[in-house]
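Peer 1: What follows is a structure written as structure tokens; I'll ask about it next.
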Amino acid sequence: MKKILAILLALVLVLSFAACASTAETTNEDSNAQTNETADTTETGDTDASAEDTDAAAEDADAATEETTDAAFTTVEEGKLHMSTNAAFPPYEMVADGEGFQGTGYEGIDVEIAYAIAQKLGLELVVDDMDFTAALEAAQSGKSDMVMAGVTVNEDRLAVMDFSDSYATGVQVVIVTEDSPIATLDDIEGKLIGTQKGTTGFTYASDTPENGGYGEDAVIGFDNGLSAVQALKNGQVDCVIIDNAPAQSFVAENPGLKILDTEWVTEDYAIGVAKGNTALLDAINGALAELIADGTVQGIIDTYITAE
């Protein structure tokens, strides 16, 4: 009897261990399955999320490109870049005898630089000739895309226009007749001065003596530099204040005139555009920077202004 009980007890214990082992195995298998499933889900989820992030980034890049394209500059006339100027300011701009530079009808430093900028921007250059003040106002009001006419940046112009980086330096000088009693800048006081209307020369010269000028009554403004020089030759004014480059041309073409040795003032030239036209200004500055870096601008200037 005791043996039978012992055998039955042994069988019960065996069955219990088997059941525990089976349960433990099942639990481990379930646990492993859940772990593997979680891992698969996590890996798949991460991959999908990464792909979604990549797609989102690509969409953002496309959107940014589209936005940049939408923000691209526009011009007064599609496919063309209109430059307003006063083509009586050699060697920066003047009317050509024939077709002019690249068929524009004009030639000069500003014309060639403007043409190079237009080429960089994929546009055709159109030169619109008018008096200096009108050239400034055309760009200011958006009737032209930009003004290039030996334009100097000053506070008054900055209030109504935006300007590019400087591309050339202008020096203003004084032209007199060879027999003039004006020998130095100090001799100008009390004399009648001729300048071109709308230029900084006119502005500075007609300012009050306290500000370094000679007073409004001492200055006569002409439509262009050539008219001022003719007035000097005719005895209507005692001297002419104008930029050195055109002054050299006027003196070379008109015997009996000379330039005082001392420079009157030194300024930087820049391109003017309508106030707030940032897209066009950025495009012009980008093209101008490339043309300065590769020597194109200096090469153009050297063609017209040789070292003395």
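How things are named: the first chain in the structure tokens is A, the next is B, and so on; residues count from 1 in each chain; ligands count from 1 in the order shown.
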May I have the residues within 10 Å of Leu81 in chain A as a compact mmCIF listing (two decimals) with all heavy atoms, in the first residue's frame, using only C-alpha atoms and disregarding those fewer than 4 positions away in the same chain?
Peer 2:
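See part-v5.txt below for the written result:
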# COMPACT_ATOMS: atom_id res chain seq x y z
N THR A 74 11.32 91.29 -61.02
CA THR A 74 10.63 91.58 -62.27
C THR A 74 11.18 92.88 -62.82
O THR A 74 11.79 93.67 -62.10
CB THR A 74 9.11 91.72 -62.07
OG1 THR A 74 8.86 92.77 -61.12
CG2 THR A 74 8.50 90.42 -61.56
N THR A 75 10.97 93.12 -64.11
CA THR A 75 11.46 94.34 -64.74
C THR A 75 10.31 95.09 -65.39
O THR A 75 9.22 94.54 -65.57
CB THR A 75 12.54 94.02 -65.79
OG1 THR A 75 12.01 93.07 -66.74
CG2 THR A 75 13.78 93.42 -65.13
N VAL A 76 10.56 96.33 -65.74
CA VAL A 76 9.53 97.18 -66.35
C VAL A 76 8.96 96.53 -67.60
O VAL A 76 7.75 96.54 -67.84
CB VAL A 76 10.12 98.56 -66.69
CG1 VAL A 76 9.12 99.39 -67.50
CG2 VAL A 76 10.51 99.30 -65.42
N GLU A 77 9.84 95.94 -68.39
CA GLU A 77 9.44 95.24 -69.61
C GLU A 77 10.02 93.84 -69.58
O GLU A 77 11.23 93.67 -69.38
CB GLU A 77 9.93 96.01 -70.85
CG GLU A 77 9.47 95.43 -72.16
CD GLU A 77 9.93 96.25 -73.36
OE1 GLU A 77 10.63 97.27 -73.16
OE2 GLU A 77 9.60 95.88 -74.50
N ALA A 114 26.39 98.09 -67.45
CA ALA A 114 24.96 97.76 -67.43
C ALA A 114 24.67 96.59 -68.37
O ALA A 114 23.87 95.70 -68.05
CB ALA A 114 24.13 98.97 -67.83
N TYR A 115 25.33 96.59 -69.53
CA TYR A 115 25.14 95.49 -70.49
C TYR A 115 25.61 94.17 -69.89
O TYR A 115 24.95 93.14 -70.02
CB TYR A 115 25.90 95.79 -71.78
CG TYR A 115 25.80 94.68 -72.81
CD1 TYR A 115 24.71 94.61 -73.68
CD2 TYR A 115 26.79 93.70 -72.90
CE1 TYR A 115 24.61 93.59 -74.62
CE2 TYR A 115 26.69 92.68 -73.83
CZ TYR A 115 25.59 92.63 -74.69
OH TYR A 115 25.49 91.61 -75.61
N ILE A 117 25.79 93.39 -66.73
CA ILE A 117 24.83 93.00 -65.70
C ILE A 117 23.60 92.36 -66.33
O ILE A 117 23.11 91.32 -65.88
CB ILE A 117 24.42 94.22 -64.84
CG1 ILE A 117 25.59 94.68 -63.98
CG2 ILE A 117 23.21 93.88 -63.96
CD1 ILE A 117 25.33 95.98 -63.23
N ALA A 118 23.10 92.98 -67.39
CA ALA A 118 21.93 92.45 -68.09
C ALA A 118 22.19 91.04 -68.60
O ALA A 118 21.33 90.15 -68.51
CB ALA A 118 21.53 93.37 -69.24
N GLN A 119 23.40 90.82 -69.14
CA GLN A 119 23.76 89.50 -69.63
C GLN A 119 23.77 88.48 -68.50
O GLN A 119 23.29 87.35 -68.67
CB GLN A 119 25.15 89.56 -70.29
CG GLN A 119 25.19 90.30 -71.61
CD GLN A 119 24.45 89.57 -72.71
OE1 GLN A 119 24.87 88.50 -73.14
NE2 GLN A 119 23.34 90.14 -73.16
N LEU A 121 21.94 88.53 -65.94
CA LEU A 121 20.56 88.30 -65.51
C LEU A 121 19.70 87.73 -66.63
O LEU A 121 18.50 87.53 -66.44
CB LEU A 121 19.95 89.62 -65.01
CG LEU A 121 20.68 90.30 -63.84
CD1 LEU A 121 19.95 91.57 -63.43
CD2 LEU A 121 20.82 89.37 -62.67
N GLY A 122 20.30 87.48 -67.78
CA GLY A 122 19.55 86.92 -68.90
C GLY A 122 18.58 87.90 -69.54
O GLY A 122 17.53 87.50 -70.05
N LEU A 123 18.95 89.19 -69.54
CA LEU A 123 18.06 90.23 -70.06
C LEU A 123 18.73 91.03 -71.17
O LEU A 123 19.96 91.01 -71.33
CB LEU A 123 17.67 91.19 -68.93
CG LEU A 123 16.95 90.57 -67.72
CD1 LEU A 123 16.84 91.60 -66.60
CD2 LEU A 123 15.57 90.06 -68.12
N GLU A 124 17.91 91.75 -71.92
CA GLU A 124 18.40 92.64 -72.97
C GLU A 124 18.45 94.06 -72.41
O GLU A 124 17.48 94.55 -71.84
CB GLU A 124 17.48 92.60 -74.18
CG GLU A 124 17.84 93.60 -75.28
CD GLU A 124 16.79 93.69 -76.36
OE1 GLU A 124 15.89 92.82 -76.39
OE2 GLU A 124 16.86 94.64 -77.17
N LEU A 125 19.59 94.74 -72.58
CA LEU A 125 19.73 96.09 -72.06
C LEU A 125 19.06 97.10 -72.98
O LEU A 125 19.24 97.07 -74.20
CB LEU A 125 21.21 96.47 -71.91
CG LEU A 125 21.47 97.90 -71.44
CD1 LEU A 125 20.97 98.10 -70.01
CD2 LEU A 125 22.96 98.23 -71.54
N VAL A 126 18.29 98.01 -72.39
CA VAL A 126 17.68 99.13 -73.11
C VAL A 126 18.12 100.41 -72.41
O VAL A 126 17.92 100.55 -71.20
CB VAL A 126 16.14 99.04 -73.13
CG1 VAL A 126 15.57 100.25 -73.85
CG2 VAL A 126 15.69 97.75 -73.79
N VAL A 127 18.74 101.32 -73.15
CA VAL A 127 19.21 102.58 -72.58
C VAL A 127 18.21 103.68 -72.89
O VAL A 127 17.89 103.94 -74.05
CB VAL A 127 20.60 102.97 -73.15
CG1 VAL A 127 21.05 104.30 -72.54
CG2 VAL A 127 21.61 101.87 -72.86
N SER A 144 11.83 103.19 -65.05
CA SER A 144 12.99 102.44 -65.53
C SER A 144 13.37 101.47 -64.42
O SER A 144 12.95 101.62 -63.27
CB SER A 144 14.16 103.38 -65.86
OG SER A 144 14.75 103.88 -64.68
N ASP A 145 14.18 100.47 -64.77
CA ASP A 145 14.57 99.48 -63.76
C ASP A 145 15.69 100.01 -62.87
O ASP A 145 15.73 99.70 -61.67
CB ASP A 145 15.03 98.19 -64.45
CG ASP A 145 13.90 97.55 -65.24
OD1 ASP A 145 12.84 97.28 -64.63
OD2 ASP A 145 14.06 97.32 -66.45
N MET A 146 16.57 100.80 -63.46
CA MET A 146 17.71 101.31 -62.69
C MET A 146 18.24 102.57 -63.36
O MET A 146 17.96 102.83 -64.53
CB MET A 146 18.82 100.26 -62.59
CG MET A 146 19.43 99.88 -63.94
SD MET A 146 20.67 98.58 -63.75
CE MET A 146 21.43 98.61 -65.39
Peer 1: Can you tell me which residues surround Val160 in chain A at a distance of at most 9 Å, considering only C-alpha atoms, apart from same-chain residues fewer than 6 positions away, and format the answer as an MDAnalysis selection string?
Peer 2: chainID A and resid 140 274:275
Peer 1: Do you know which residues are at most 8 Å from range 174-180 of chain A counting only C-alpha atoms, after dropping those on the same chain fewer than 3 positions away, and could you put them as a list in words?
Peer 2: Ala183, Leu232, Lys233, Asp238, Cys239, Val240, Ile241, Ile242, Ala247, Val251, Gly256, Leu257, Lys258, Ile259, Leu260, Glu263 and Trp264 of chain A
Peer 1: I need the chosen residues saved as a short mmCIF file (atom, residue, chain, number, x, y, z; two decimals), in the first residue's frame, with N, CA, C and O atoms.
Peer 2:
data_model
loop_
_atom_site.label_atom_id
_atom_site.label_comp_id
_atom_site.auth_asym_id
_atom_site.auth_seq_id
_atom_site.Cartn_x
_atom_site.Cartn_y
_atom_site.Cartn_z
N ALA A 183 43.11 130.24 -59.43
CA ALA A 183 44.29 129.36 -59.47
C ALA A 183 44.18 128.21 -58.47
O ALA A 183 44.79 127.16 -58.65
N LEU A 232 31.02 128.38 -69.82
CA LEU A 232 32.33 128.82 -69.36
C LEU A 232 33.10 129.46 -70.51
O LEU A 232 33.70 130.54 -70.36
N LYS A 233 33.08 128.85 -71.66
CA LYS A 233 33.77 129.39 -72.83
C LYS A 233 33.18 130.72 -73.26
O LYS A 233 33.90 131.61 -73.74
N ASP A 238 32.34 131.57 -64.30
CA ASP A 238 33.79 131.70 -64.09
C ASP A 238 34.49 130.35 -64.01
O ASP A 238 35.71 130.27 -64.23
N CYS A 239 33.75 129.32 -63.67
CA CYS A 239 34.33 127.98 -63.57
C CYS A 239 33.21 126.94 -63.64
O CYS A 239 32.04 127.28 -63.52
N VAL A 240 33.60 125.69 -63.83
CA VAL A 240 32.64 124.59 -63.87
C VAL A 240 33.11 123.50 -62.91
O VAL A 240 34.28 123.09 -62.96
N ILE A 241 32.22 123.06 -62.05
CA ILE A 241 32.52 121.93 -61.15
C ILE A 241 31.85 120.69 -61.71
O ILE A 241 30.63 120.67 -61.90
N ILE A 242 32.64 119.67 -61.98
CA ILE A 242 32.11 118.45 -62.62
C ILE A 242 33.07 117.29 -62.33
O ILE A 242 34.21 117.51 -61.91
N ALA A 247 35.36 115.83 -67.26
CA ALA A 247 36.14 117.06 -67.32
C ALA A 247 37.34 116.89 -68.25
O ALA A 247 37.67 117.78 -69.05
N VAL A 251 37.90 119.17 -71.63
CA VAL A 251 39.11 119.98 -71.79
C VAL A 251 39.89 119.57 -73.03
O VAL A 251 40.42 120.41 -73.77
N GLY A 256 41.93 125.91 -74.65
CA GLY A 256 41.77 127.13 -73.87
C GLY A 256 41.23 126.88 -72.48
O GLY A 256 41.09 127.82 -71.68
N LEU A 257 40.93 125.60 -72.17
CA LEU A 257 40.42 125.25 -70.85
C LEU A 257 41.45 124.39 -70.11
O LEU A 257 42.29 123.73 -70.72
N LYS A 258 41.37 124.40 -68.79
CA LYS A 258 42.26 123.57 -67.98
C LYS A 258 41.54 123.16 -66.69
O LYS A 258 40.49 123.72 -66.35
N ILE A 259 42.11 122.18 -65.99
CA ILE A 259 41.56 121.67 -64.74
C ILE A 259 42.50 122.05 -63.60
O ILE A 259 43.72 121.88 -63.71
N LEU A 260 41.94 122.60 -62.53
CA LEU A 260 42.77 122.91 -61.37
C LEU A 260 43.41 121.64 -60.81
O LEU A 260 42.82 120.56 -60.86
N GLU A 263 41.78 118.36 -56.28
CA GLU A 263 40.45 117.74 -56.40
C GLU A 263 39.46 118.48 -55.51
O GLU A 263 39.79 118.89 -54.40
N TRP A 264 38.23 118.64 -56.01
CA TRP A 264 37.21 119.36 -55.24
C TRP A 264 36.54 118.43 -54.21
O TRP A 264 36.36 118.79 -53.06
#
Peer 1: Per DSSP on the backbone, filter range 30-271 of chain A down to the residues in strand (DSSP E or B) and report them as a PyMOL selection string.
Peer 2: chain A and resi 80-85+88-89+93-95+106-107+124-129+146-147+152+161-163+168-177+193-196+219-222+239-243+257-259+265-269
Peer 1: Neighbouring residues of range 196-202 of chain A were defined as those with any atom within 9 Å, considering only C-alpha atoms; residues of the same chain fewer than 2 positions away were excluded. Please report them as a PyMOL selection string.
Peer 2: chain A and resi 131-133+136+151-154+172+194+204-207+219-228+240-243+265
Peer 1: Take the residues from that selection and put them in a file with N, CA and C atoms, as an mmCIF file, in the first residue's frame.
Peer 2:
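See result_10.cif below for the written result:
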data_model
loop_
_atom_site.group_PDB
_atom_site.id
_atom_site.type_symbol
_atom_site.label_atom_id
_atom_site.label_comp_id
_atom_site.auth_asym_id
_atom_site.auth_seq_id
_atom_site.Cartn_x
_atom_site.Cartn_y
_atom_site.Cartn_z
ATOM 1 N N ASP A 131 17.353 113.908 -69.287
ATOM 2 C CA ASP A 131 18.213 114.739 -68.444
ATOM 3 C C ASP A 131 18.434 114.036 -67.104
ATOM 4 N N PHE A 132 19.458 114.491 -66.381
ATOM 5 C CA PHE A 132 19.912 113.771 -65.199
ATOM 6 C C PHE A 132 18.828 113.629 -64.142
ATOM 7 N N THR A 133 18.130 114.725 -63.851
ATOM 8 C CA THR A 133 17.086 114.671 -62.830
ATOM 9 C C THR A 133 15.981 113.696 -63.215
ATOM 10 N N LEU A 136 17.009 110.067 -62.651
ATOM 11 C CA LEU A 136 16.857 109.658 -61.257
ATOM 12 C C LEU A 136 15.397 109.366 -60.937
ATOM 13 N N VAL A 151 26.091 108.245 -60.779
ATOM 14 C CA VAL A 151 25.256 108.650 -59.644
ATOM 15 C C VAL A 151 25.992 108.412 -58.322
ATOM 16 N N THR A 152 26.052 109.456 -57.522
ATOM 17 C CA THR A 152 26.653 109.373 -56.199
ATOM 18 C C THR A 152 25.569 109.173 -55.148
ATOM 19 N N VAL A 153 25.860 108.357 -54.166
ATOM 20 C CA VAL A 153 24.902 108.104 -53.083
ATOM 21 C C VAL A 153 25.032 109.201 -52.022
ATOM 22 N N ASN A 154 23.912 109.818 -51.679
ATOM 23 C CA ASN A 154 23.904 110.774 -50.576
ATOM 24 C C ASN A 154 22.624 110.588 -49.762
ATOM 25 N N GLN A 172 35.434 114.910 -58.291
ATOM 26 C CA GLN A 172 34.960 116.158 -58.874
ATOM 27 C C GLN A 172 36.085 117.185 -58.886
ATOM 28 N N GLY A 194 29.370 127.118 -62.645
ATOM 29 C CA GLY A 194 28.475 126.329 -63.485
ATOM 30 C C GLY A 194 28.550 124.859 -63.099
ATOM 31 N N TYR A 204 26.243 120.385 -53.557
ATOM 32 C CA TYR A 204 27.297 120.819 -52.638
ATOM 33 C C TYR A 204 27.666 122.287 -52.859
ATOM 34 N N ALA A 205 27.819 122.676 -54.126
ATOM 35 C CA ALA A 205 28.256 124.038 -54.434
ATOM 36 C C ALA A 205 27.218 125.080 -54.033
ATOM 37 N N SER A 206 25.936 124.742 -54.185
ATOM 38 C CA SER A 206 24.873 125.703 -53.885
ATOM 39 C C SER A 206 24.482 125.713 -52.405
ATOM 40 N N ASP A 207 25.091 124.839 -51.612
ATOM 41 C CA ASP A 207 24.802 124.822 -50.178
ATOM 42 C C ASP A 207 25.373 126.089 -49.518
ATOM 43 N N VAL A 219 25.631 129.754 -57.958
ATOM 44 C CA VAL A 219 25.645 128.553 -58.807
ATOM 45 C C VAL A 219 24.546 128.602 -59.864
ATOM 46 N N ILE A 220 24.910 128.230 -61.093
ATOM 47 C CA ILE A 220 23.944 128.091 -62.183
ATOM 48 C C ILE A 220 23.933 126.628 -62.610
ATOM 49 N N GLY A 221 22.764 126.020 -62.638
ATOM 50 C CA GLY A 221 22.635 124.624 -63.049
ATOM 51 C C GLY A 221 22.266 124.509 -64.518
ATOM 52 N N PHE A 222 22.949 123.628 -65.231
ATOM 53 C CA PHE A 222 22.689 123.393 -66.650
ATOM 54 C C PHE A 222 22.168 121.967 -66.849
ATOM 55 N N ASP A 223 21.540 121.735 -67.993
ATOM 56 C CA ASP A 223 20.953 120.418 -68.250
ATOM 57 C C ASP A 223 22.000 119.317 -68.337
ATOM 58 N N ASN A 224 23.199 119.670 -68.786
ATOM 59 C CA ASN A 224 24.273 118.678 -68.876
ATOM 60 C C ASN A 224 25.624 119.367 -68.753
ATOM 61 N N GLY A 225 26.659 118.565 -68.642
ATOM 62 C CA GLY A 225 27.999 119.110 -68.459
ATOM 63 C C GLY A 225 28.487 119.908 -69.649
ATOM 64 N N LEU A 226 28.145 119.457 -70.845
ATOM 65 C CA LEU A 226 28.594 120.158 -72.054
ATOM 66 C C LEU A 226 28.054 121.584 -72.093
ATOM 67 N N SER A 227 26.801 121.764 -71.707
ATOM 68 C CA SER A 227 26.202 123.099 -71.679
ATOM 69 C C SER A 227 26.918 123.998 -70.676
ATOM 70 N N ALA A 228 27.308 123.428 -69.550
ATOM 71 C CA ALA A 228 28.040 124.192 -68.541
ATOM 72 C C ALA A 228 29.401 124.628 -69.072
ATOM 73 N N VAL A 240 33.601 125.690 -63.834
ATOM 74 C CA VAL A 240 32.639 124.588 -63.868
ATOM 75 C C VAL A 240 33.110 123.503 -62.913
ATOM 76 N N ILE A 241 32.216 123.056 -62.048
ATOM 77 C CA ILE A 241 32.516 121.931 -61.152
ATOM 78 C C ILE A 241 31.845 120.693 -61.714
ATOM 79 N N ILE A 242 32.635 119.666 -61.984
ATOM 80 C CA ILE A 242 32.110 118.448 -62.620
ATOM 81 C C ILE A 242 33.067 117.290 -62.334
ATOM 82 N N ASP A 243 32.629 116.087 -62.594
ATOM 83 C CA ASP A 243 33.469 114.911 -62.356
ATOM 84 C C ASP A 243 34.703 114.919 -63.256
ATOM 85 N N VAL A 265 36.164 117.225 -54.626
ATOM 86 C CA VAL A 265 35.587 116.232 -53.717
ATOM 87 C C VAL A 265 35.676 114.856 -54.374
#
Peer 1: Quick one: pull the distance between CA of Asp294 in chain A and CA of Met83 in chain A, Å, one decimal.
Peer 2: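 Distance between the two atoms: 22.9 Å.
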Peer 1: When you draw a straight line from CA of Asn277 in chain A to CA of Arg157 in chain A, how long is it in Å?
Peer 2: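 CA of Arg157 in chain A lies 14.8 Å from CA of Asn277 in chain A.
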Peer 1: Which residues are close to Met94 in chain A, i.e. within 10 Å by only C-alpha atoms, leaving aside same-chain residues fewer than 6 positions away? Reply as a VMD selection string.
Peer 2: chain A and resid 85 to 88 100 105 to 111 129 149
Peer 1: Export N, CA, C and O atoms of the chosen residues as a PDB file, in the first residue's frame?
Peer 2:
ATOM      1  N   THR A  85      19.415 107.161 -68.018  1.00  0.00           N
ATOM      2  CA  THR A  85      20.707 107.834 -67.907  1.00  0.00           C
ATOM      3  C   THR A  85      20.647 109.192 -68.570  1.00  0.00           C
ATOM      4  O   THR A  85      19.649 109.539 -69.224  1.00  0.00           O
ATOM      5  N   ASN A  86      21.704 109.957 -68.401  1.00  0.00           N
ATOM      6  CA  ASN A  86      21.887 111.213 -69.118  1.00  0.00           C
ATOM      7  C   ASN A  86      23.138 111.036 -69.964  1.00  0.00           C
ATOM      8  O   ASN A  86      24.257 111.129 -69.454  1.00  0.00           O
ATOM      9  N   ALA A  87      22.948 110.749 -71.233  1.00  0.00           N
ATOM     10  CA  ALA A  87      24.060 110.364 -72.111  1.00  0.00           C
ATOM     11  C   ALA A  87      24.864 111.562 -72.612  1.00  0.00           C
ATOM     12  O   ALA A  87      25.137 111.701 -73.803  1.00  0.00           O
ATOM     13  N   ALA A  88      25.240 112.419 -71.677  1.00  0.00           N
ATOM     14  CA  ALA A  88      26.091 113.563 -72.003  1.00  0.00           C
ATOM     15  C   ALA A  88      27.137 113.690 -70.906  1.00  0.00           C
ATOM     16  O   ALA A  88      27.472 114.783 -70.446  1.00  0.00           O
ATOM     17  N   GLY A 100      26.463 102.045 -81.626  1.00  0.00           N
ATOM     18  CA  GLY A 100      26.838 102.053 -80.222  1.00  0.00           C
ATOM     19  C   GLY A 100      27.233 100.679 -79.720  1.00  0.00           C
ATOM     20  O   GLY A 100      27.331  99.718 -80.491  1.00  0.00           O
ATOM     21  N   GLY A 105      23.032 102.030 -79.198  1.00  0.00           N
ATOM     22  CA  GLY A 105      23.008 103.422 -79.628  1.00  0.00           C
ATOM     23  C   GLY A 105      23.826 104.324 -78.712  1.00  0.00           C
ATOM     24  O   GLY A 105      23.947 105.524 -78.962  1.00  0.00           O
ATOM     25  N   TYR A 106      24.400 103.737 -77.670  1.00  0.00           N
ATOM     26  CA  TYR A 106      25.180 104.496 -76.691  1.00  0.00           C
ATOM     27  C   TYR A 106      26.471 103.754 -76.376  1.00  0.00           C
ATOM     28  O   TYR A 106      26.640 102.577 -76.688  1.00  0.00           O
ATOM     29  N   GLU A 107      27.387 104.459 -75.719  1.00  0.00           N
ATOM     30  CA  GLU A 107      28.642 103.850 -75.291  1.00  0.00           C
ATOM     31  C   GLU A 107      29.119 104.521 -74.013  1.00  0.00           C
ATOM     32  O   GLU A 107      28.586 105.560 -73.615  1.00  0.00           O
ATOM     33  N   GLY A 108      30.094 103.892 -73.373  1.00  0.00           N
ATOM     34  CA  GLY A 108      30.627 104.444 -72.139  1.00  0.00           C
ATOM     35  C   GLY A 108      30.734 103.398 -71.045  1.00  0.00           C
ATOM     36  O   GLY A 108      30.258 102.260 -71.186  1.00  0.00           O
ATOM     37  N   ILE A 109      31.369 103.777 -69.952  1.00  0.00           N
ATOM     38  CA  ILE A 109      31.603 102.861 -68.829  1.00  0.00           C
ATOM     39  C   ILE A 109      30.298 102.305 -68.283  1.00  0.00           C
ATOM     40  O   ILE A 109      30.132 101.087 -68.123  1.00  0.00           O
ATOM     41  N   ASP A 110      29.355 103.188 -67.973  1.00  0.00           N
ATOM     42  CA  ASP A 110      28.088 102.739 -67.393  1.00  0.00           C
ATOM     43  C   ASP A 110      27.317 101.852 -68.355  1.00  0.00           C
ATOM     44  O   ASP A 110      26.664 100.882 -67.946  1.00  0.00           O
ATOM     45  N   VAL A 111      27.371 102.187 -69.639  1.00  0.00           N
ATOM     46  CA  VAL A 111      26.634 101.412 -70.644  1.00  0.00           C
ATOM     47  C   VAL A 111      27.181  99.982 -70.711  1.00  0.00           C
ATOM     48  O   VAL A 111      26.422  99.005 -70.725  1.00  0.00           O
ATOM     49  N   ASP A 129      17.658 107.566 -72.624  1.00  0.00           N
ATOM     50  CA  ASP A 129      18.388 108.816 -72.426  1.00  0.00           C
ATOM     51  C   ASP A 129      17.436 109.962 -72.078  1.00  0.00           C
ATOM     52  O   ASP A 129      16.397 110.139 -72.719  1.00  0.00           O
ATOM     53  N   ALA A 149      24.299 106.874 -64.160  1.00  0.00           N
ATOM     54  CA  ALA A 149      24.700 108.118 -64.824  1.00  0.00           C
ATOM     55  C   ALA A 149      25.760 108.811 -63.980  1.00  0.00           C
ATOM     56  O   ALA A 149      25.706 110.014 -63.756  1.00  0.00           O
TER      57      ALA A 149
END
